[in-house]
Amino acid sequence: VSADGSPVRAWADLSWHLLQAAHERRSVKIEVTRGGVSGGTGTGSGSGTGTGSEEQPGSARAGTELVLAALDLSAMTEAELEGDAITKLGFRLFRPSPKVTTIEAGSPAEKSGMAAGDVLRKVDGKAIGGGEDFVRAMRASPERELTLELDRAGAAITVKVTPVRVEKEGQSFGRIGAGIDDRPVLTVVRYGAGEALVKALRYTWEMSIFSLKMLGRMVTGDVSWRNLSGPVTIADYAGKTARLGAVYYLNFIALVSISLGVLNLLPIPVLDGGYLLYYSLEAIRNKPVPASWMEWGTKFGVFVVVIAMSLALFNDISRLLAG
C-alpha cells in the first residue's frame with residue numbers, strides 16, 4: 001500500500017520506486033496489508049506489525065493487518081539490475097489459479113473429462129503456482145498418467161489425463177490439448193486532469209534526474225555502459241509496446257522523449273546544451289567566446305557523440321545476437 005510513505009495505487013508506482021532505490025543501493029520501507037493473518041512479520045532486514053484502524057492513503061482497511069517491512073537493496077549488483085529487476089527482487093503480479101478456456105476435440109483433456117471453466121488446483125498432489133507450472137508439468141510427462149485436481153463451479157473433482165508425446169524441432173514433450181488463462185489480476189487506476197498533470201510533471205522531473213544520475217554513474221564506472229541503448233533497441237521496443245496497446249506505446253514514446261531531451265541539454269558542444277554553455281560563458285565574460293574555443297569544443301562534442309552512438313549501436317547488436 002505504500003513505499004517510503006508514498007501511496008502505491010498501481011504496479012508502476014511500486015516498480016518505479018524500487019528501481020530508483022535499487023540503483024541508489026538504499027533500503028526501502030514497504031507497507032503491505034494481510035487479511036486474516038495474526039502475528040505475521042515482514043520481509044527484509046527489519047519488520048513490525050500493527051492493525052489499521054482508520055481509512056487514509058496508504059493505510060490498511062479496518063480488520064486487516066498492516067505489515068511493515070524494510071527491504072535492504074544495498075547488496076544489489078549491476079547484473080541483478082539488468083533486465084526485469086523488479087522480478088529479481090521477488091515481486092510478481094498476483095496470478096490466480098489457471099483456468100481452462102478451451103478443450104480440443106479428441107484430445108487427452110477432452111477424454112479425461114476436463115471442461116472449459118475448470119480451475120486447476122493440483123497435479124499429482126502438488127499445488128499449481130500458475131499457468132507456467134501446469135504447462136511445465138504436462139510437457140515433462142509424455143505418455144504418463146497424471147492426476148489433476150480441479151475446481152468446477154465450486155465443487156472439487158479429480159480426473160486422470162495422459163499427455164500425448166509430441167515431437168517438434170528435435171524435442172519431445174507432452175501435450176493434453178487444453179488452453180488455459182492465468183493472466184494477472186489487474187485494476188485500472190484513473191486520475192483527474194489536475195492530479196494527472198501533477199503526476200506527469202513529477203514523473204518527468206524524476207525521470208530526468210534519474211537519467212542524469214545514470215549517465216554520471218556510467219562515466220564513473222559504477223554502472224555498466226551496457227545500459228545504453230540505440231535506435232535498434234528503441235525500434236524493437238516501440239514495436240513491442242505498440243502490440244500491447246496505445247497506452248503502452250505512448251508511455252514508451254514519452255520515456256524516449258524525456259531521455260533524448262535530457263541528453264540534448266548536456267553541456268556538450270554540437271548539442272543544444274553546448275550552445276547554452278557558450279551563451280552562459282559569453283554572459284559571464286561579457287564578450288563572445290573565442291572562435292578557437294568553439295572549434296575545439298565542436299571537435300570534442302563530435303567525438304563524444306560518435307563514441308556514445310557507437311557504444312549504443314554495439315549494445316543493440318549484442319542484444320540482437322543474444323536473443
# chains A, B, ... in the order shown; residues from 1 in each chain; ligands from 1
>>> residues_around(residues="Lys111 in chain A", least_positions_apart="5", cutoff="9 Å", atoms="only C-alpha atoms", output="list in words")
Ala105, Gly106 and Val161 of chain A
>>> write_last_selection(atoms="N, CA, C and O atoms", output="PDB file, in the first residue's frame")
ATOM      1  N   ALA A 105     -11.071 -30.998 -29.510  1.00  0.00           N
ATOM      2  CA  ALA A 105     -11.841 -32.225 -29.736  1.00  0.00           C
ATOM      3  C   ALA A 105     -10.906 -33.416 -29.914  1.00  0.00           C
ATOM      4  O   ALA A 105      -9.927 -33.355 -30.652  1.00  0.00           O
ATOM      5  N   GLY A 106     -11.225 -34.508 -29.224  1.00  0.00           N
ATOM      6  CA  GLY A 106     -10.443 -35.731 -29.330  1.00  0.00           C
ATOM      7  C   GLY A 106      -9.122 -35.702 -28.586  1.00  0.00           C
ATOM      8  O   GLY A 106      -8.340 -36.647 -28.692  1.00  0.00           O
ATOM      9  N   VAL A 161      -5.448 -37.870 -16.657  1.00  0.00           N
ATOM     10  CA  VAL A 161      -5.122 -37.468 -18.017  1.00  0.00           C
ATOM     11  C   VAL A 161      -3.708 -37.948 -18.352  1.00  0.00           C
ATOM     12  O   VAL A 161      -2.813 -37.932 -17.502  1.00  0.00           O
TER      13      VAL A 161
END
>>> select_by_dssp(residues="range 90-291 of chain A", states="helix (DSSP H, G or I)", output="ChimeraX atom specification")
/A:108-112,131-139,193-220,225-227,231-244,246-264,272-285,291
>>> residues_around(residues="Val304 in chain A", least_positions_apart="5", cutoff="9 Å", atoms="only C-alpha atoms", output="list in words")
Ile268, Lys299 and Met309 of chain A
>>> write_last_selection(atoms="N, CA, C and O atoms", output="PDB file, in the first residue's frame")
ATOM      1  N   ILE A 268      27.465  19.734 -23.793  1.00  0.00           N
ATOM      2  CA  ILE A 268      28.428  19.192 -24.753  1.00  0.00           C
ATOM      3  C   ILE A 268      28.245  19.940 -26.073  1.00  0.00           C
ATOM      4  O   ILE A 268      27.132  19.998 -26.611  1.00  0.00           O
ATOM      5  N   LYS A 299      34.904  19.820 -31.994  1.00  0.00           N
ATOM      6  CA  LYS A 299      35.605  18.558 -32.213  1.00  0.00           C
ATOM      7  C   LYS A 299      35.383  17.595 -31.043  1.00  0.00           C
ATOM      8  O   LYS A 299      35.142  16.398 -31.234  1.00  0.00           O
ATOM      9  N   MET A 309      27.208   6.990 -29.614  1.00  0.00           N
ATOM     10  CA  MET A 309      26.381   6.315 -30.613  1.00  0.00           C
ATOM     11  C   MET A 309      26.961   4.949 -30.973  1.00  0.00           C
ATOM     12  O   MET A 309      26.219   3.984 -31.168  1.00  0.00           O
TER      13      MET A 309
END
>>> atom_distance(atom1="CA of Leu186 in chain A", atom2="CA of Arg95 in chain A")
9.4 Å
>>> atom_distance(atom1="CA of Arg152 in chain A", atom2="CA of Gly113 in chain A")
11.4 Å
>>> residues_around(residues="Leu146 in chain A", least_positions_apart="2", cutoff="10 Å", atoms="only C-alpha atoms", output="list in words")
Val123, Asp124, Gly125, Ala137, Met138, Ser141, Pro142, Glu143, Arg144, Leu148, Glu149, Val159, Lys160, Val161, Thr162 and Pro163 of chain A
>>> write_last_selection(atoms="N, CA and C atoms", output="PDB file, in the first residue's frame")
ATOM      1  N   VAL A 123      -1.518 -31.030  -9.467  1.00  0.00           N
ATOM      2  CA  VAL A 123      -1.072 -32.082 -10.392  1.00  0.00           C
ATOM      3  C   VAL A 123      -0.339 -33.126  -9.573  1.00  0.00           C
ATOM      4  N   ASP A 124      -0.899 -34.344  -9.523  1.00  0.00           N
ATOM      5  CA  ASP A 124      -0.323 -35.430  -8.706  1.00  0.00           C
ATOM      6  C   ASP A 124      -0.075 -34.980  -7.260  1.00  0.00           C
ATOM      7  N   GLY A 125      -1.042 -34.250  -6.723  1.00  0.00           N
ATOM      8  CA  GLY A 125      -0.969 -33.827  -5.328  1.00  0.00           C
ATOM      9  C   GLY A 125      -0.159 -32.580  -5.069  1.00  0.00           C
ATOM     10  N   ALA A 137       4.533 -29.090 -16.155  1.00  0.00           N
ATOM     11  CA  ALA A 137       4.230 -30.443 -15.687  1.00  0.00           C
ATOM     12  C   ALA A 137       3.708 -31.316 -16.824  1.00  0.00           C
ATOM     13  N   MET A 138       2.875 -30.754 -17.711  1.00  0.00           N
ATOM     14  CA  MET A 138       2.343 -31.525 -18.830  1.00  0.00           C
ATOM     15  C   MET A 138       3.453 -31.862 -19.832  1.00  0.00           C
ATOM     16  N   SER A 141       5.763 -34.795 -18.904  1.00  0.00           N
ATOM     17  CA  SER A 141       5.161 -36.105 -18.612  1.00  0.00           C
ATOM     18  C   SER A 141       4.494 -36.737 -19.822  1.00  0.00           C
ATOM     19  N   PRO A 142       5.180 -36.873 -20.943  1.00  0.00           N
ATOM     20  CA  PRO A 142       4.545 -37.523 -22.099  1.00  0.00           C
ATOM     21  C   PRO A 142       4.269 -38.995 -21.810  1.00  0.00           C
ATOM     22  N   GLU A 143       3.054 -39.422 -22.175  1.00  0.00           N
ATOM     23  CA  GLU A 143       2.625 -40.824 -22.059  1.00  0.00           C
ATOM     24  C   GLU A 143       2.668 -41.325 -20.612  1.00  0.00           C
ATOM     25  N   ARG A 144       2.520 -40.404 -19.660  1.00  0.00           N
ATOM     26  CA  ARG A 144       2.465 -40.809 -18.250  1.00  0.00           C
ATOM     27  C   ARG A 144       1.171 -40.281 -17.642  1.00  0.00           C
ATOM     28  N   LEU A 148      -5.204 -34.926 -11.921  1.00  0.00           N
ATOM     29  CA  LEU A 148      -5.447 -33.488 -11.809  1.00  0.00           C
ATOM     30  C   LEU A 148      -6.604 -33.239 -10.850  1.00  0.00           C
ATOM     31  N   GLU A 149      -6.395 -32.303  -9.939  1.00  0.00           N
ATOM     32  CA  GLU A 149      -7.463 -31.876  -9.037  1.00  0.00           C
ATOM     33  C   GLU A 149      -7.991 -30.538  -9.541  1.00  0.00           C
ATOM     34  N   VAL A 159      -9.576 -35.860 -12.034  1.00  0.00           N
ATOM     35  CA  VAL A 159      -9.586 -36.532 -13.332  1.00  0.00           C
ATOM     36  C   VAL A 159      -8.195 -37.112 -13.599  1.00  0.00           C
ATOM     37  N   LYS A 160      -8.153 -38.104 -14.482  1.00  0.00           N
ATOM     38  CA  LYS A 160      -6.903 -38.721 -14.909  1.00  0.00           C
ATOM     39  C   LYS A 160      -6.647 -38.327 -16.364  1.00  0.00           C
ATOM     40  N   VAL A 161      -5.448 -37.870 -16.657  1.00  0.00           N
ATOM     41  CA  VAL A 161      -5.122 -37.468 -18.017  1.00  0.00           C
ATOM     42  C   VAL A 161      -3.708 -37.948 -18.352  1.00  0.00           C
ATOM     43  N   THR A 162      -3.543 -38.389 -19.602  1.00  0.00           N
ATOM     44  CA  THR A 162      -2.238 -38.862 -20.062  1.00  0.00           C
ATOM     45  C   THR A 162      -1.804 -38.027 -21.257  1.00  0.00           C
ATOM     46  N   PRO A 163      -0.827 -37.112 -21.085  1.00  0.00           N
ATOM     47  CA  PRO A 163      -0.357 -36.283 -22.209  1.00  0.00           C
ATOM     48  C   PRO A 163       0.189 -37.133 -23.348  1.00  0.00           C
TER      49      PRO A 163
END
>>> atom_distance(atom1="CA of Leu321 in chain A", atom2="CA of Val223 in chain A")
22.2 Å
>>> select_by_dssp(residues="range 92-310 of chain A", states="strand (DSSP E or B)", output="mmCIF file with C-alpha atoms, in the first residue's frame")
data_model
loop_
_atom_site.group_PDB
_atom_site.id
_atom_site.type_symbol
_atom_site.label_atom_id
_atom_site.label_comp_id
_atom_site.auth_asym_id
_atom_site.auth_seq_id
_atom_site.Cartn_x
_atom_site.Cartn_y
_atom_site.Cartn_z
ATOM 1 C CA LYS A 99 -8.460 -21.668 -15.644
ATOM 2 C CA VAL A 100 -9.249 -23.932 -18.587
ATOM 3 C CA THR A 101 -10.533 -21.848 -21.514
ATOM 4 C CA THR A 102 -10.638 -24.301 -24.454
ATOM 5 C CA ILE A 103 -10.610 -28.055 -24.970
ATOM 6 C CA VAL A 119 -9.913 -24.196 -12.329
ATOM 7 C CA LEU A 120 -6.681 -26.196 -11.997
ATOM 8 C CA ARG A 121 -5.550 -26.782 -8.418
ATOM 9 C CA LYS A 122 -3.074 -29.680 -8.221
ATOM 10 C CA VAL A 123 -1.072 -32.082 -10.392
ATOM 11 C CA LYS A 126 1.320 -30.848 -5.914
ATOM 12 C CA ALA A 127 -0.229 -27.374 -5.861
ATOM 13 C CA LEU A 146 -1.348 -37.718 -14.206
ATOM 14 C CA THR A 147 -3.965 -36.972 -11.569
ATOM 15 C CA LEU A 148 -5.447 -33.488 -11.809
ATOM 16 C CA GLU A 149 -7.463 -31.876 -9.037
ATOM 17 C CA LEU A 150 -9.939 -29.334 -10.407
ATOM 18 C CA ASP A 151 -12.495 -26.889 -9.112
ATOM 19 C CA ARG A 152 -15.702 -26.971 -11.170
ATOM 20 C CA ALA A 155 -17.056 -28.476 -6.429
ATOM 21 C CA ALA A 156 -13.720 -30.340 -6.165
ATOM 22 C CA ILE A 157 -13.285 -33.084 -8.771
ATOM 23 C CA THR A 158 -10.408 -35.361 -9.796
ATOM 24 C CA VAL A 159 -9.586 -36.532 -13.332
ATOM 25 C CA LYS A 160 -6.903 -38.721 -14.909
ATOM 26 C CA VAL A 161 -5.122 -37.468 -18.017
ATOM 27 C CA VAL A 164 0.404 -37.461 -25.734
ATOM 28 C CA ARG A 165 4.006 -37.359 -26.904
ATOM 29 C CA VAL A 166 4.776 -34.605 -29.424
ATOM 30 C CA GLU A 167 7.983 -34.402 -31.468
ATOM 31 C CA LYS A 168 8.901 -30.904 -32.627
ATOM 32 C CA GLN A 171 12.385 -32.035 -28.859
ATOM 33 C CA SER A 172 9.945 -34.449 -27.245
ATOM 34 C CA PHE A 173 7.286 -33.243 -24.811
ATOM 35 C CA GLY A 174 3.794 -33.948 -23.541
ATOM 36 C CA ARG A 175 0.573 -32.195 -24.584
ATOM 37 C CA ALA A 178 -6.210 -27.678 -23.208
ATOM 38 C CA GLY A 179 -5.959 -23.902 -23.368
ATOM 39 C CA ILE A 180 -5.573 -22.057 -20.054
ATOM 40 C CA ASP A 181 -5.815 -18.493 -18.795
#
>>> closest_residue(among="A:Arg183, A:Val289, A:Leu93, A:Gly192", to="Leu277 in chain A", atoms="only C-alpha atoms")
A:Val289
>>> residues_around(residues="range 208-213 of chain A", least_positions_apart="2", cutoff="10 Å", atoms="only C-alpha atoms", output="number ranges by chain")
A: 20, 23-24, 202-206, 215-219, 223, 255, 258-263, 266
